[in-house]
2 protein chains.
Amino acid sequence: MQTIHQDTIVAIATPQGEGAIGIIRLSGPNAIHLADTYFYGSNLLKAEGNTVHYGKLKDDDGKMLDECLATVFKAPRSYTKEDVVEFACHGSSYILKSVIKLFLTNGARLAEPGEFTMRAYLNGQMDLSQAEAVADLIASNTASQHALAMDQMRGGFSKMIAALREKLIEFASLIELENDFSEEDVEFADRDSLKQLVQKILRTIRELKQSFDYGNAIKEGIPVAIIGKPNVGKSTLLNALLNEDKAIISAIPGTTRDVIEDTIQMEGLLFRFIDTAGIRETEDTIESLGIARSKEQLAKANIVICVSEIQEDHPSIVQEYKALGVSETQHGIIVLNKTDTFHACHAYDVEEATSTLLNRMPVIAMSAKEKTHLGRLQKELVSVVQEKSKPSQTIVSNLRHYEALDNASTSLEKVIIGLDEGISSDFVAMDIRHALQYLGEISGEISTDDLLDSIFSNFCIGK
Amino acid sequence: MQTIHQDTIVAIATPQGEGAIGIIRLSGPNAIHLADTYFYGSNLLKAEGNTVHYGKLKDDDGKMLDECLATVFKAPRSYTKEDVVEFACHGSSYILKSVIKLFLTNGARLAEPGEFTMRAYLNGQMDLSQAEAVADLIASNTASQHALAMDQMRGGFSKMIAALREKLIEFASLIELENDFSEEDVEFADRDSLKQLVQKILRTIRELKQSFDYGNAIKEGIPVAIIGKPNVGKSTLLNALLNEDKAIISAIPGTTRDVIEDTIQMEGLLFRFIDTAGIRETEDTIESLGIARSKEQLAKANIVICVSEIQEDHPSIVQEYKALGVSETQHGIIVLNKTDTFHACHAYDVEEATSTLLNRMPVIAMSAKEKTHLGRLQKELVSVVQEKSKPSQTIVSNLRHYEALDNASTSLEKVIIGLDEGISSDFVAMDIRHALQYLGEISGEISTDDLLDSIFSNFCIGK
């Protein structure tokens, strides 16, 4: 879809609030003319692209709004590939609002959220997944989120999808050709090669889909559930990890009823810790509701910290862990808590023995209260995540992309079945076309207005 | 004071928070070199001033921090009159912090609040009162605050002070010359002309000092006290003016005990409304504390709205008003409230009669509860302020300037006394020197490090 934008849009491009500089961005065919009309100090119409000019902005009545800098970008050498003027004003909300008002009453339109980036996409500056990465980049708060968004913005993922599509398109055109000659029963497309290709593409898509779990966790925070029997110190551990008093702690078993969660960064990774009600048989209705929620949270977590009170009797700890119901795909870490009150034998002996009984699963003896060996637990959490990520691999972090990949793989599986069952080429062609469409939606080669609206409405104003 | 800055400073120049664009500002002798070292896409060392360049920022390990625009300003054509580079990055706090960190670890220093503007002042880009206006401009939220700050930034006030100083310096040098010839009893400076000049300067200073009341009120919000007996509807009136339920209202006299205040803009002016406890004799300790505070607030207000319940008996309303103790210099507005419950005769008759008895003072019959004629009160408030301001006049809005003017006038009054009493020229010269120093402090021709620190520490970072 290529749209020619006849209107000129305007927005404040810097965050709200007082600051040294506030930026007003104009983009569209009339941007330079409009800017020049109210800017005194330099002729912006005659200005070269990528140049900065000092001057005064005055309104229709000649009242001075600000002394500012105007930067001129000429199409197509601008973010939107249109003519763009950016005013760097004094960062007063009054001034910025007055300048916006001036341009709105003189022919510009207030930009929708993300509209500058949407124009960049529509004018071929970037594809849709790169445009989406711009929003992720702005929202990034950790090194890992930043790396994910930056990678996607630079187009690694787009190139991969484009390559898959290209190969499929080639075969699709051969099969479509067969349909034109359908009465003559010819096969231009070699069925074995097609099947091999589709299987290869399916493998790639499967890998990408698998990366989503990790990608999404990086973006939203890696969910870590803290579970265990009542009163083993789960809330104390949460507070120690967050380094604040988030959860109310007491010596009374069952103090925590709600699911309490909060995020913290460690080594550039965002962890979302979830403290849960201790799991036990209880008569207390509210507590048992809490326990039901604990089990739900447990199911959603990528990493599960199972907290037990340290004791000499190793097998009982092991049984306790096994009874909690951690799934195979989750990473479990055993914490043997309260080493501060444990004097019977050396904590490391218990740790070692437990680890052996649990097939070398990580076991950490520590005191959440005294923060003894808290660092070992933090290190373990970081290394679990780092092991999962291979820096070379393309990682899917966007739910929309995941769903498109999922749909594409369903269609391709139908292609395989069709080929195996020798069904007619027009049905095979239809499934391939569907797969192509789903893949095309990721990069935006195929897009609808509704899709674009839903994507760009999540952007901030001025981008 | 002219300082040569050997170090290069860096700061984020846009407000905190996510946004389309975040700006990092570098200023100092090493700014362009430092920027160029980590910027890939264009050679900034060879770039001309006032040009914009697209490229990538990478850290010491070659990790890409952002794709961004770099604007190069070359000394002296920059805000600080030093070499300046501004990076327009994606507005992610993670990216901005990473870029700042990169420059800090490679020789730049984090800028103090207002340090860019301080350098602009020290390098002669603007004088001190203009620099102060930059901070006022950024903080401006209303049209009137904006106009005040803009006027000061453009130097109208500075020129006025400079002209006063120039004339004084001329005479001062003649008198100092007399001191060199003190044994010979000559008079180079004509005493009568000097006295006339000093009196003229004193008049100007007096006018400027008088404008401070208005200027300061514009800046901080024009204080309007709402006073009256208990239960006449003062809090209802406050809520109506603010258009929200700020104060708790009830039919019980004495509901309001604390002084409640809030600001609202009308016609580009900021009003600070102060609701007070009803003034009456009371046994209630807390209430009587509140009443004491009401009286304090009343004394501070520029405008006083005296609220009474409307009644047919005009003289009693007038007596009530007179008993409240509004001073001569304050603008009083009488509100005859509760017209919704008043059916005896036409409200305007009472209004007219009261106004006549109070020497044509503005009287408004209205219902705060029903918001009847609220607009008339609002209009009255705006016109009281607009009458006070003469657009052509220079207005002092800065307490530091006011104090300097006050000190200067004290010294100049001593000069007059000295001339009248015919005291020796070296004493007269000393008083003139003092006056010159105080006036010089306003524009910063005379300044100390302490003064500069105290002024610029009120700025935001990055300006």
# chains A, B, ... in the order shown; residues from 1 in each chain; ligands from 1
>>> calpha_fit_rmsd(fixed="chain A", moving="chain B")
0.1 Å
>>> interface_residues(of="chain B", to="chain A", cutoff="7 Å", atoms="only C-alpha atoms", output="count of residues only")
27
>>> closest_residue(among="B:Met361, B:Val10, B:Ala75, B:Leu405", to="Leu102 in chain B", atoms="only C-alpha atoms")
B:Val10
>>> residues_around(residues="Met266 in chain B", least_positions_apart="4", cutoff="9 Å", atoms="only C-alpha atoms", output="list of chain:residue names")
B:Leu270, B:Phe271, B:Gln378, B:Lys379, B:Leu381, B:Val382
>>> write_last_selection(atoms="all heavy atoms", output="mmCIF file, in the first residue's frame")
data_model
loop_
_atom_site.group_PDB
_atom_site.id
_atom_site.type_symbol
_atom_site.label_atom_id
_atom_site.label_comp_id
_atom_site.auth_asym_id
_atom_site.auth_seq_id
_atom_site.Cartn_x
_atom_site.Cartn_y
_atom_site.Cartn_z
ATOM 1 N N LEU B 270 -2.717 33.576 35.891
ATOM 2 C CA LEU B 270 -2.805 32.530 36.903
ATOM 3 C C LEU B 270 -3.310 33.132 38.212
ATOM 4 O O LEU B 270 -2.677 34.038 38.763
ATOM 5 C CB LEU B 270 -1.431 31.886 37.110
ATOM 6 C CG LEU B 270 -1.403 30.642 37.988
ATOM 7 C CD1 LEU B 270 -2.080 29.487 37.257
ATOM 8 C CD2 LEU B 270 0.036 30.258 38.330
ATOM 9 N N PHE B 271 -4.438 32.645 38.695
ATOM 10 C CA PHE B 271 -4.976 33.114 39.974
ATOM 11 C C PHE B 271 -4.761 32.040 41.028
ATOM 12 O O PHE B 271 -4.933 30.853 40.763
ATOM 13 C CB PHE B 271 -6.474 33.415 39.852
ATOM 14 C CG PHE B 271 -6.780 34.645 39.057
ATOM 15 C CD1 PHE B 271 -6.949 34.571 37.679
ATOM 16 C CD2 PHE B 271 -6.874 35.880 39.669
ATOM 17 C CE1 PHE B 271 -7.222 35.707 36.936
ATOM 18 C CE2 PHE B 271 -7.154 37.025 38.937
ATOM 19 C CZ PHE B 271 -7.324 36.943 37.568
ATOM 20 N N GLN B 378 -15.679 36.255 37.431
ATOM 21 C CA GLN B 378 -14.427 35.922 36.737
ATOM 22 C C GLN B 378 -13.948 37.108 35.908
ATOM 23 O O GLN B 378 -12.752 37.448 35.920
ATOM 24 C CB GLN B 378 -14.652 34.690 35.845
ATOM 25 C CG GLN B 378 -14.850 33.409 36.675
ATOM 26 C CD GLN B 378 -15.399 32.247 35.856
ATOM 27 O OE1 GLN B 378 -16.163 32.461 34.910
ATOM 28 N NE2 GLN B 378 -15.023 31.032 36.221
ATOM 29 N N LYS B 379 -14.872 37.752 35.224
ATOM 30 C CA LYS B 379 -14.539 38.900 34.378
ATOM 31 C C LYS B 379 -13.974 40.037 35.241
ATOM 32 O O LYS B 379 -13.007 40.700 34.870
ATOM 33 C CB LYS B 379 -15.817 39.369 33.682
ATOM 34 C CG LYS B 379 -15.602 39.845 32.265
ATOM 35 C CD LYS B 379 -16.937 39.971 31.565
ATOM 36 C CE LYS B 379 -16.901 40.991 30.453
ATOM 37 N NZ LYS B 379 -18.229 41.168 29.838
ATOM 38 N N LEU B 381 -12.429 39.770 38.113
ATOM 39 C CA LEU B 381 -11.093 39.399 38.583
ATOM 40 C C LEU B 381 -10.047 39.703 37.507
ATOM 41 O O LEU B 381 -9.001 40.291 37.781
ATOM 42 C CB LEU B 381 -11.045 37.903 38.928
ATOM 43 C CG LEU B 381 -11.732 37.495 40.231
ATOM 44 C CD1 LEU B 381 -11.957 35.992 40.286
ATOM 45 C CD2 LEU B 381 -10.896 37.935 41.430
ATOM 46 N N VAL B 382 -10.344 39.277 36.276
ATOM 47 C CA VAL B 382 -9.398 39.489 35.180
ATOM 48 C C VAL B 382 -9.182 40.983 34.957
ATOM 49 O O VAL B 382 -8.043 41.435 34.806
ATOM 50 C CB VAL B 382 -9.906 38.802 33.894
ATOM 51 C CG1 VAL B 382 -9.073 39.232 32.684
ATOM 52 C CG2 VAL B 382 -9.869 37.279 34.060
#
>>> select_by_dssp(residues="range 137-358 of chain A", states="helix (DSSP H, G or I)", output="PyMOL selection string")
chain A and resi 137-139+143-153+156-180+182-184+191-220+234-242+285-300+314-323+339-341+347-357
>>> select_by_dssp(residues="range 119-247 of chain B", states="strand (DSSP E or B)", output="PDB file with C-alpha atoms, in the first residue's frame")
ATOM      1  CA  ILE B 222      -2.235  36.367  41.766  1.00  0.00           C
ATOM      2  CA  PRO B 223      -3.311  35.719  45.363  1.00  0.00           C
ATOM      3  CA  VAL B 224      -7.066  36.089  45.835  1.00  0.00           C
ATOM      4  CA  ALA B 225      -8.410  35.578  49.358  1.00  0.00           C
ATOM      5  CA  ILE B 226     -12.018  34.508  49.817  1.00  0.00           C
ATOM      6  CA  ILE B 227     -13.219  35.842  53.159  1.00  0.00           C
ATOM      7  CA  GLY B 228     -16.466  36.339  55.004  1.00  0.00           C
TER       8      GLY B 228
END
>>> atom_distance(atom1="CA of Asn179 in chain B", atom2="CA of Asp431 in chain B")
14.0 Å
>>> closest_residue(among="A:Glu170, A:Asp349, A:Asp127, A:Asp453", to="Glu115 in chain A", atoms="only C-alpha atoms")
A:Asp453
